[in-house]
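Structure data follow from model_11.cif (mmCIF, C-alpha atoms):
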```
data_query
loop_
_atom_site.label_atom_id
_atom_site.label_comp_id
_atom_site.auth_asym_id
_atom_site.auth_seq_id
_atom_site.Cartn_x
_atom_site.Cartn_y
_atom_site.Cartn_z
CA PHE A 26 -17.23 1.79 4.74
CA VAL A 27 -15.38 -0.68 2.53
CA PHE A 28 -16.42 -4.08 1.28
CA ALA A 29 -15.79 -6.80 -1.27
CA GLY A 30 -12.21 -7.53 -0.37
CA VAL A 31 -10.94 -4.07 0.56
CA ALA A 32 -9.91 -3.23 4.10
CA LYS A 33 -7.42 -1.23 6.10
CA PRO A 34 -4.17 -3.24 6.31
CA ALA A 35 -4.18 -5.49 9.38
CA SER A 36 -0.43 -5.93 9.53
CA PRO A 37 2.56 -4.84 7.46
CA ALA A 38 3.68 -8.46 7.03
CA SER A 39 2.33 -10.01 3.86
CA ALA A 40 3.19 -13.24 2.08
CA ALA A 41 2.26 -11.75 -1.31
CA ARG A 42 5.02 -10.64 -3.63
CA VAL A 43 4.93 -7.09 -5.02
CA LEU A 44 5.05 -7.08 -8.83
CA ALA A 45 6.73 -4.21 -10.65
CA PRO A 46 4.53 -2.60 -13.29
CA VAL A 47 5.83 -1.71 -16.74
CA ARG A 48 3.74 1.47 -16.87
CA VAL A 49 1.11 3.41 -14.95
CA ALA A 50 -1.22 5.66 -16.95
CA ALA A 51 -4.15 7.94 -16.24
CA PHE A 52 -7.33 6.31 -17.57
CA GLY A 53 -10.66 7.87 -18.48
CA PRO A 54 -13.92 6.58 -19.96
CA GLY A 55 -12.29 6.52 -23.40
CA GLY A 56 -9.18 4.67 -22.22
CA PRO A 57 -5.57 5.66 -21.51
CA ALA A 58 -5.65 8.65 -23.89
CA ASP A 59 -8.56 10.13 -21.92
CA GLY A 60 -7.29 10.17 -18.29
CA ASP A 61 -6.98 12.98 -15.74
CA ASN A 62 -3.51 14.50 -15.22
CA PRO A 63 -1.56 11.94 -17.28
CA GLN A 64 1.74 13.67 -16.52
CA LEU A 65 1.31 12.76 -12.82
CA ALA A 66 0.33 9.08 -13.23
CA ARG A 67 3.86 7.76 -12.66
CA LEU A 68 3.83 9.36 -9.18
CA ALA A 69 1.32 6.73 -8.01
CA ALA A 70 3.96 4.02 -8.48
CA ASP A 71 7.14 5.80 -7.37
CA ALA A 72 6.92 4.42 -3.77
CA SER A 73 7.21 7.93 -2.33
CA PRO A 74 4.62 8.90 0.29
CA ALA A 75 5.23 12.56 -0.62
CA THR A 76 4.08 12.40 -4.25
CA ALA A 77 0.66 11.59 -5.69
CA TRP A 78 -1.41 11.36 -8.83
CA THR A 79 -4.60 13.39 -8.55
CA THR A 80 -7.83 13.17 -10.44
CA GLY A 81 -9.20 16.29 -12.01
CA GLY A 82 -11.32 18.50 -9.78
CA TYR A 83 -15.06 17.91 -10.22
CA GLY A 84 -18.15 19.78 -9.02
CA SER A 85 -19.72 16.75 -7.33
CA PRO A 86 -18.50 13.48 -5.82
CA ARG A 87 -19.90 11.53 -8.79
CA PHE A 88 -18.39 13.75 -11.51
CA ALA A 89 -21.46 16.01 -11.97
CA ASP A 90 -22.59 13.76 -14.82
CA ALA A 91 -19.46 14.75 -16.77
CA GLN A 92 -18.34 11.10 -17.00
CA PRO A 93 -18.82 7.75 -15.21
CA GLY A 94 -15.41 7.73 -13.52
CA THR A 95 -11.67 8.17 -13.79
CA GLY A 96 -8.67 6.14 -12.75
CA LEU A 97 -5.19 4.71 -13.01
CA LEU A 98 -4.27 1.84 -15.31
CA VAL A 99 -1.39 -0.35 -14.17
CA ASP A 100 0.20 -2.27 -17.06
CA MET A 101 2.11 -5.33 -15.84
CA GLY A 102 3.63 -5.88 -19.32
CA GLN A 103 2.41 -9.49 -19.48
CA VAL A 104 -0.31 -11.62 -17.93
CA VAL A 105 0.39 -12.13 -14.23
CA THR A 106 -1.48 -13.75 -11.35
CA VAL A 107 -2.97 -10.97 -9.23
CA THR A 108 -3.84 -11.77 -5.60
CA GLY A 109 -4.31 -8.24 -4.29
CA ALA A 110 -3.06 -4.68 -4.14
CA GLU A 111 -2.11 -1.95 -1.73
CA VAL A 112 -3.66 1.42 -2.53
CA THR A 113 -2.79 4.55 -0.55
CA LEU A 114 -5.26 7.39 -0.95
CA GLY A 115 -5.42 10.82 0.64
CA PRO A 116 -6.67 11.14 4.25
CA VAL A 117 -10.18 12.48 3.50
CA PRO A 118 -12.90 9.78 3.36
CA GLY A 119 -15.35 9.64 0.48
CA ALA A 120 -13.57 7.89 -2.38
CA ALA A 121 -15.27 4.94 -4.03
CA PHE A 122 -13.37 2.75 -6.47
CA GLN A 123 -13.43 -0.58 -8.24
CA MET A 124 -10.32 -2.64 -8.80
CA ARG A 125 -10.79 -4.02 -12.32
CA THR A 126 -8.59 -6.53 -14.17
CA GLY A 127 -8.27 -7.85 -17.71
CA ASP A 128 -6.07 -8.32 -20.76
CA THR A 129 -7.25 -5.31 -22.80
CA PRO A 130 -6.96 -1.65 -21.71
CA SER A 131 -10.66 -0.96 -22.32
CA LEU A 132 -13.17 -0.20 -19.55
CA ALA A 133 -15.69 -2.62 -21.05
CA ASP A 134 -13.10 -5.44 -21.02
CA LEU A 135 -11.88 -4.95 -17.44
CA SER A 136 -13.90 -6.87 -14.83
CA ALA A 137 -14.46 -5.59 -11.29
CA VAL A 138 -12.74 -7.88 -8.75
CA ALA A 139 -13.00 -5.66 -5.64
CA VAL A 140 -14.91 -2.53 -4.57
CA ALA A 141 -14.28 0.12 -1.91
CA THR A 142 -16.62 2.84 -0.67
CA ASN A 143 -16.01 5.80 1.63
CA ALA A 144 -12.30 4.95 1.34
CA SER A 145 -9.26 6.90 2.52
CA GLY A 146 -5.70 6.24 3.63
CA ALA A 147 -3.87 2.94 3.15
CA LEU A 148 -6.05 0.10 1.89
CA ALA A 149 -5.26 -3.59 1.43
CA VAL A 150 -7.20 -5.07 -1.48
CA ARG A 151 -7.59 -8.85 -1.21
CA LEU A 152 -9.26 -10.84 -3.96
CA ALA A 153 -11.59 -13.75 -3.20
CA ALA A 154 -9.63 -15.77 -5.78
CA PRO A 155 -6.49 -14.98 -7.79
CA VAL A 156 -7.05 -13.58 -11.30
CA HIS A 157 -4.86 -13.71 -14.39
CA ALA A 158 -4.54 -10.32 -16.06
CA ARG A 159 -2.12 -7.94 -17.71
CA TYR A 160 -3.93 -4.77 -16.64
CA VAL A 161 -5.16 -3.59 -13.24
CA LEU A 162 -7.39 -0.52 -13.16
CA ILE A 163 -8.16 1.53 -10.06
CA TRP A 164 -11.44 3.07 -11.29
CA PHE A 165 -12.93 5.85 -9.15
CA THR A 166 -16.71 6.11 -9.20
CA ALA A 167 -16.89 8.77 -6.44
CA LEU A 168 -14.41 11.34 -5.16
CA PRO A 169 -13.81 12.80 -1.69
CA PRO A 170 -14.21 16.51 -0.97
CA ALA A 171 -11.08 18.60 -1.60
CA GLY A 172 -12.44 21.96 -0.38
CA SER A 173 -14.13 24.93 -2.06
CA GLY A 174 -16.87 22.75 -3.60
CA VAL A 175 -14.36 20.60 -5.48
CA PHE A 176 -14.11 16.80 -5.32
CA GLN A 177 -10.81 15.12 -6.12
CA ALA A 178 -8.96 11.90 -5.23
CA ARG A 179 -5.25 11.55 -4.54
CA VAL A 180 -3.38 8.28 -5.04
CA TYR A 181 -0.03 8.25 -3.26
CA ASN A 182 0.86 4.67 -4.06
CA VAL A 183 -0.45 1.58 -5.85
CA THR A 184 1.32 -1.77 -5.65
CA ILE A 185 0.06 -4.97 -7.26
CA GLU A 186 0.61 -8.27 -5.45
CA GLY A 187 0.79 -11.76 -6.91
CA SER A 188 3.18 -13.74 -9.07
CA ARG A 189 4.59 -13.84 -12.54
CA ARG A 190 3.43 -16.83 -14.52
CA ALA A 191 5.85 -19.72 -14.97
CA GLY A 192 7.87 -19.47 -18.15
CA SER A 193 7.40 -15.71 -18.38
#
```

Target format structure tokens, applied to this file:
Amino acid sequence: FVFAGVAKPASPASAARVLAPVRVAAFGPGGPADGDNPQLARLAADASPATAWTTGGYGSPRFADAQPGTGLLVDMGQVVTVTGAEVTLGPVPGAAFQMRTGDTPSLADLSAVAVATNASGALAVRLAAPVHARYVLIWFTALPPAGSGVFQARVYNVTIEGSRRAGS
């Protein structure tokens, strides 16, 4: 199911503070200018359970060799301390994603800090240790079935938890 710090939320009470992002952008292998459905990216951070960002539709769960993945880049506007995230996906299992963090919006410069497999629904992402980063990337490496031979992920909400750095 899920591993490396990602699990279904145990309780709604959490001591972590939700940090407001400056921007959420679709992100592809070539960066923010290369993401799926960029016009919908903001819907993943609007706190509405009725709206979602969706990946493109692909012919296989692993993108039919079209690309290595797709995702959402959350720009915090400055370096923050990240302790976790809440990610709400669609109800169909099968998504696999990495939560990656770093200070540059480049796939090669964003390090994986948590991984989920066969994911669906509301997920609590908890890091083994806090990380300092400006960017948080939810990078899908596999997509759930969406019907008619198409594979596509839906992200209804992403919130980043942690703290702003002192003096910021």

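Of the residues listed (A:Ala139, A:Val43, A:Ala178, A:Ala158), A:Ala139 shows the shortest atom-to-atom separation from Met124 in chain A; distances use only C-alpha atoms.
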
Residue members of the PyMOL selection byres ((chain A and resi 45) around 12) in the file shown, as a ChimeraX atom specification: /A:42-44,46-49,70-72,99-103,105,107,110,159,183-189

Give me the result of the PyMOL selection byres ((chain A and resi 73) around 12) on this file, residue by residue, as a compact mmCIF listing (two decimals) with C-alpha atoms, in the coordinates of the input.
```
# COMPACT_ATOMS: atom_id res chain seq x y z
CA ARG A 67 3.86 7.76 -12.66
CA LEU A 68 3.83 9.36 -9.18
CA ALA A 69 1.32 6.73 -8.01
CA ALA A 70 3.96 4.02 -8.48
CA ASP A 71 7.14 5.80 -7.37
CA ALA A 72 6.92 4.42 -3.77
CA PRO A 74 4.62 8.90 0.29
CA ALA A 75 5.23 12.56 -0.62
CA THR A 76 4.08 12.40 -4.25
CA ALA A 77 0.66 11.59 -5.69
CA TRP A 78 -1.41 11.36 -8.83
CA THR A 113 -2.79 4.55 -0.55
CA VAL A 180 -3.38 8.28 -5.04
CA TYR A 181 -0.03 8.25 -3.26
CA ASN A 182 0.86 4.67 -4.06
CA VAL A 183 -0.45 1.58 -5.85
CA THR A 184 1.32 -1.77 -5.65
```

The PyMOL selection byres ((chain A and resi 144) around 8) resolved against shown file, as a ChimeraX atom specification: /A:26-27,114,118-121,141-143,145-146,148

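You will find CA of Val112 in chain A at 22.4 Å from CA of Gly172 in chain A.
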
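Among A:Thr95, A:Gln64, A:Thr79, A:Ser136, the residue with the shortest atom-to-atom distance to Phe52 in chain A, counting all atoms listed in the file, is A:Thr95.
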
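Computed from the coordinates, the CA of Leu65 in chain A to CA of Arg87 in chain A distance equals 21.6 Å.
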
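For the pair CA of Thr166 in chain A and CA of Thr108 in chain A, the separation is 22.3 Å.
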
Pull the neighbourhood of (-11.5, 15.2, -2.3) for me: all residues within 9 Å in file coordinates, counting all atoms listed in the file, as a PDB file with C-alpha atoms, in the frame of the given file.
```
ATOM      1  CA  GLY A  82     -11.320  18.500  -9.780  1.00  0.00           C
ATOM      2  CA  PRO A  86     -18.500  13.480  -5.820  1.00  0.00           C
ATOM      3  CA  GLY A 115      -5.420  10.820   0.640  1.00  0.00           C
ATOM      4  CA  VAL A 117     -10.180  12.480   3.500  1.00  0.00           C
ATOM      5  CA  PRO A 118     -12.900   9.780   3.360  1.00  0.00           C
ATOM      6  CA  GLY A 119     -15.350   9.640   0.480  1.00  0.00           C
ATOM      7  CA  ALA A 120     -13.570   7.890  -2.380  1.00  0.00           C
ATOM      8  CA  LEU A 168     -14.410  11.340  -5.160  1.00  0.00           C
ATOM      9  CA  PRO A 169     -13.810  12.800  -1.690  1.00  0.00           C
ATOM     10  CA  PRO A 170     -14.210  16.510  -0.970  1.00  0.00           C
ATOM     11  CA  ALA A 171     -11.080  18.600  -1.600  1.00  0.00           C
ATOM     12  CA  GLY A 172     -12.440  21.960  -0.380  1.00  0.00           C
ATOM     13  CA  VAL A 175     -14.360  20.600  -5.480  1.00  0.00           C
ATOM     14  CA  PHE A 176     -14.110  16.800  -5.320  1.00  0.00           C
ATOM     15  CA  GLN A 177     -10.810  15.120  -6.120  1.00  0.00           C
ATOM     16  CA  ALA A 178      -8.960  11.900  -5.230  1.00  0.00           C
ATOM     17  CA  ARG A 179      -5.250  11.550  -4.540  1.00  0.00           C
TER      18      ARG A 179
END
```
